[in-house]
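Scroll down for the structure; my scribbles are underneath it.
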Amino acid sequence: MKYDVVVVGARIGGSTASLFASKKGLDVLMIEKNQEIGTPVQCAEATSSSTFQTLEMEPSPKYVCSEIKGADVYAPDGTHGHLEGGYAEGFILERKIFDKQLAIESAKAGTDIMVKTRVKDLIRRDGKVCGVVATHMGHTLEIEADVVIAADGIESQVARKAGLKTQQTPGTLCSCAQYEMVGVDYDPHYLQFYFGREIAPGGYVWVFPKGDGVANVGVGVRSDTKTAYSFLRKFTANMDATPVELNIGGVPVQGPVDKTYTDGLMVVGDAAGQVEPFTGGGIHVTAHCARIAGEFAVEAIEKDDTSRGFLKNYQKLWKKEVGKDLKESLKYRKIMDQLSDEEMNILAKFLKDQDLESISKMSMLGFVREYPQFLKLLKEIL
Amino acid sequence: MIISAEECGYCGACVAVCPHGTLELEGMRIIQEECKNCTKCLIVCPVGAIKEGNHEV
């Protein structure tokens, strides 16, 4: 078998890359290890409108559960701030349906898809990736390709086999557990975030409403003593709600890996660390980067140059588009890591009284004079 | 390190942090001979399905 492009993984990264490569006329095969695209869900399902712009899709009620207008953010002592519109706006998806729909769009554009198929190895010639070796129902297949796009998630076996350093560590991977719960009676248009070392060390708790009393209630932690699931059990213990689903997974929160390309291969999505480190939100970033990868594969194949020297431009392009945001987000995540619960409370009280769009220098100075421990933090932000 | 099949949710977090490539995705098995007991997988497992030791759970 021979294709122009083989995409490994059929979630958002894979389907987006294959969709845009197929749209431009390439012969594309997408391989999914699961027998069903979209399950199991490993996501809190929130995204911004930019995802739909990137994908040139409508936020249809077919796969959008609820429209988000803002968020409430809670400090450990309950002090909370309300964010309305802007960055906090977006949608809660039904990923099972959305991922499947995206794969359908890709298939309609001409992508061939194989499900329940695992990539076991790469075909390499003179160090260049030239395809994959996959197994399906006990059969082994060799599939040649000019370009391989690795969209195989945090496990990132494909990129690793190609020699890229995509490995995470306990410090860079947020361990997450989530219940989809029934009986969560929050406003369906607002996200809830809860911070604190007691409830979610190195991460946060989220309640993302899906409408009709259903919500994703999840915890992300970086803890070497207790599991994400134990924190989830603790947080939900007193809720008068019951789960209909348990989702688990890891979220890379260190920003993108250093190198997202090599000879004949590009990496997208979680595998490439294309996730906002502060929020752990990755759908919009992945869609953006994967579209760039899919379209750049077209250019590389047209120019008959799939060397790392040329595929380097994929990295240049996505960095130009999202690199600055990801760096900024990592900076805030690192600051958050340093704060004690008490400091979070003090900071929340200060921010609550400020107009976030225009915090005055005078009020900042006054704050730092009163709480000198934040001086270092302030320097890092500015 | 050993994975409890009963607790494992096949999320792949352990595979993401294994520096030695000793975790097999299919069937979530740790190749005992190659495991260096670094415990990274144990730390990130969201449900605590990975335990120290090398006996089947």
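Following the order of the structure tokens, chains are lettered A, B, ..., residues in each are numbered from 1, and ligands are numbered from 1.
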Next on the checklist: Applying 9 Å and only C-alpha atoms, which residues near Gln354 (chain A) remain after dropping the ones on its own chain fewer than 5 positions away? List them as a list in words.
Outcome noted: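 My list of contacting residues is Ile359, Ser360 and Ser363 of chain A.
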Next on the checklist: Excluding region 198-211 of chain A and its own-chain neighbours fewer than 5 positions away, which residues fall within 6 Å of it when counting only C-alpha atoms? Please give them as a list in words.
Outcome noted: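 Within the cut-off, the hits are Cys65, Ser66, Pro188, Leu191, Gln192, Phe193, Asn216, Val217, Gly218, Val219, Gly220, Val221 and Arg222 of chain A.
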Item to check | Non-local contacts of Gln254 (chain A) (7 Å; only C-alpha atoms; under 5 positions in same chain excluded) as a list in words | outcome: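 The neighbour list is Thr172, Pro277 and Leu330 of chain A.
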Item to check | Phe367 (chain A) environment, 12 Å, only C-alpha atoms, sequence neighbours closer than 5 positions dropped, as a ChimeraX atom specification | outcome: /A:346-351,353-354,359-362,372-375,378
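Considering the residues B:Val17, B:Cys38, B:Glu7, B:Thr22 and counting only C-alpha atoms, chain A has its shortest atom-to-atom contact with B:Val17.
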Checklist entry - as a PyMOL selection string, which residues of region 156-302 of chain A does DSSP assign to helix (DSSP H, G or I)? => result chain A and resi 157-161+228-236+269-272+283-302
Quick one: write out the picked residues with C-alpha atoms as a compact mmCIF listing (two decimals), in the first residue's frame?
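Saved as result_27.txt:
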```
# COMPACT_ATOMS: atom_id res chain seq x y z
CA GLN A 157 5.02 6.12 20.27
CA VAL A 158 5.33 7.11 16.62
CA ALA A 159 7.37 10.25 17.22
CA ARG A 160 9.53 8.40 19.75
CA LYS A 161 10.21 5.64 17.27
CA ALA A 228 -6.24 12.10 40.57
CA TYR A 229 -9.08 9.66 41.18
CA SER A 230 -8.77 9.99 44.96
CA PHE A 231 -9.00 13.79 44.66
CA LEU A 232 -12.02 13.39 42.38
CA ARG A 233 -13.74 11.12 44.92
CA LYS A 234 -13.05 13.65 47.64
CA PHE A 235 -14.36 16.61 45.67
CA THR A 236 -17.54 14.84 44.58
CA GLY A 269 -1.50 17.54 19.24
CA ASP A 270 -0.87 16.04 22.67
CA ALA A 271 2.04 14.06 21.22
CA ALA A 272 3.73 17.38 20.42
CA ILE A 283 -8.41 21.42 21.33
CA HIS A 284 -8.01 24.85 19.72
CA VAL A 285 -4.21 24.66 19.74
CA THR A 286 -4.17 21.16 18.28
CA ALA A 287 -6.71 22.02 15.59
CA HIS A 288 -4.63 25.04 14.59
CA CYS A 289 -1.31 23.16 14.48
CA ALA A 290 -2.77 20.06 12.83
CA ARG A 291 -4.30 22.13 10.03
CA ILE A 292 -0.89 23.69 9.47
CA ALA A 293 0.67 20.19 9.38
CA GLY A 294 -1.93 18.87 6.93
CA GLU A 295 -1.56 21.84 4.61
CA PHE A 296 2.20 21.85 4.91
CA ALA A 297 2.29 18.17 3.91
CA VAL A 298 0.69 19.28 0.63
CA GLU A 299 3.43 21.83 0.06
CA ALA A 300 6.20 19.38 0.96
CA ILE A 301 4.85 16.74 -1.42
CA GLU A 302 4.33 19.25 -4.23
```
Next on the checklist: Please check the contacts: residues of chain A at most 7 Å away from chain B, using only C-alpha atoms, listed as a list in words.
Outcome noted: Ile154, Glu155, Ser156, Gln167, Gln168, Thr169, Pro170, Ser175, Cys176, Ala177, Asp224, Thr227, Ala228, Tyr229, Ile248, Gly249 and Gly250 of chain A
Go through region 116-178 of chain A residue by residue and, counting only C-alpha atoms, keep those with an atom at most 8 Å from region 2-20 of chain A; for each kept residue give the shortest atom pair and its distance in Å to one decimal, ordered by chain and increasing number, as JSON lines.
```
{"residue": "A:Val119", "atom": "CA", "partner": "A:Val8", "partner_atom": "CA", "distance": 7.5}
{"residue": "A:Gly131", "atom": "CA", "partner": "A:Val6", "partner_atom": "CA", "distance": 7.1}
{"residue": "A:Val132", "atom": "CA", "partner": "A:Val6", "partner_atom": "CA", "distance": 7.9}
{"residue": "A:Ile143", "atom": "CA", "partner": "A:Lys2", "partner_atom": "CA", "distance": 5.7}
{"residue": "A:Glu144", "atom": "CA", "partner": "A:Lys2", "partner_atom": "CA", "distance": 4.5}
{"residue": "A:Ala145", "atom": "CA", "partner": "A:Tyr3", "partner_atom": "CA", "distance": 4.9}
{"residue": "A:Asp146", "atom": "CA", "partner": "A:Asp4", "partner_atom": "CA", "distance": 5.2}
{"residue": "A:Val147", "atom": "CA", "partner": "A:Val5", "partner_atom": "CA", "distance": 4.8}
{"residue": "A:Val148", "atom": "CA", "partner": "A:Val6", "partner_atom": "CA", "distance": 4.9}
{"residue": "A:Ile149", "atom": "CA", "partner": "A:Val7", "partner_atom": "CA", "distance": 4.6}
{"residue": "A:Ala150", "atom": "CA", "partner": "A:Val8", "partner_atom": "CA", "distance": 5.1}
{"residue": "A:Ala151", "atom": "CA", "partner": "A:Gly9", "partner_atom": "CA", "distance": 4.9}
{"residue": "A:Asp152", "atom": "CA", "partner": "A:Gly9", "partner_atom": "CA", "distance": 4.6}
{"residue": "A:Gly153", "atom": "CA", "partner": "A:Gly9", "partner_atom": "CA", "distance": 7.4}
{"residue": "A:Val158", "atom": "CA", "partner": "A:Val8", "partner_atom": "CA", "distance": 7.9}
```
Next on the checklist: If you run DSSP on the backbone here, which positions in region 35-266 of chain A get strand (DSSP E or B)? Please write them as a PyMOL selection string.
Outcome noted: chain A and resi 46-47+64-68+70-74+80-84+90-93+112-114+117-125+128-136+139-150+173-182+190-194+204-211+214-221+242-252+261-262+265-266
Checklist entry - What is the distance, in Å and to one decimal place, between CA of Ala103 (chain A) and CA of Thr54 (chain A)? => result 15.3 Å
Checklist entry - What is the CA of Pro256 (chain A) to CA of Phe310 (chain A) distance in Å? => result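 These atoms are spaced 19.5 Å apart.
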Next on the checklist: What's around Thr135 (chain A) at 6 Å? Count only C-alpha atoms, leave out sequence neighbours fewer than 5 positions away in its own chain, and write the answer as a ChimeraX atom specification.
Outcome noted: /A:117-118,140
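Atom pair CA of Leu164 (chain A) / CA of Thr260 (chain A): separated by 7.5 Å.
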Checklist entry - Of the candidates A:Gly323, A:Gly86, A:Gly163, A:Gly81, which one gets nearest to Ser48 (chain A) if we count only C-alpha atoms? => result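 The shortest atom-to-atom distance to Ser48 (chain A) comes from A:Gly86.
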Next on the checklist: Give me the residues near Met239 (chain A) as a VMD selection string, where near means some atom within 10 Å (using only C-alpha atoms) and where sequence neighbours in that chain fewer than 6 positions away do not count.
Outcome noted: chain A and resid 181 183 to 184
Selection above as a file: N, CA and C atoms, as a short mmCIF file (atom, residue, chain, number, x, y, z; two decimals), in the first residue's frame:
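Written output follows (out_15.cif):
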```
data_model
loop_
_atom_site.label_atom_id
_atom_site.label_comp_id
_atom_site.auth_asym_id
_atom_site.auth_seq_id
_atom_site.Cartn_x
_atom_site.Cartn_y
_atom_site.Cartn_z
N MET A 181 -21.28 13.75 35.32
CA MET A 181 -22.25 13.55 36.40
C MET A 181 -23.63 14.10 36.08
N GLY A 183 -27.12 15.62 37.81
CA GLY A 183 -27.60 16.23 39.04
C GLY A 183 -26.72 17.38 39.50
N VAL A 184 -25.94 17.93 38.58
CA VAL A 184 -25.07 19.07 38.90
C VAL A 184 -25.80 20.35 38.48
#
```
Next on the checklist: So that I can see what lies close to Asn37 (chain B), please list as a list in words the residues with an atom at most 10 Å from it, counting only C-alpha atoms and leaving out residues fewer than 3 positions away in the same chain.
Outcome noted: Met1, Ile2, Gln32, Glu34, Lys40, Cys41, Leu42, Glu52, Gly53 and Asn54 of chain B
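Distances here use only C-alpha atoms; by that measure, the residue among A:Ile92, A:Tyr179, A:Pro76, A:Met364 closest to Ala237 (chain A) is A:Tyr179.
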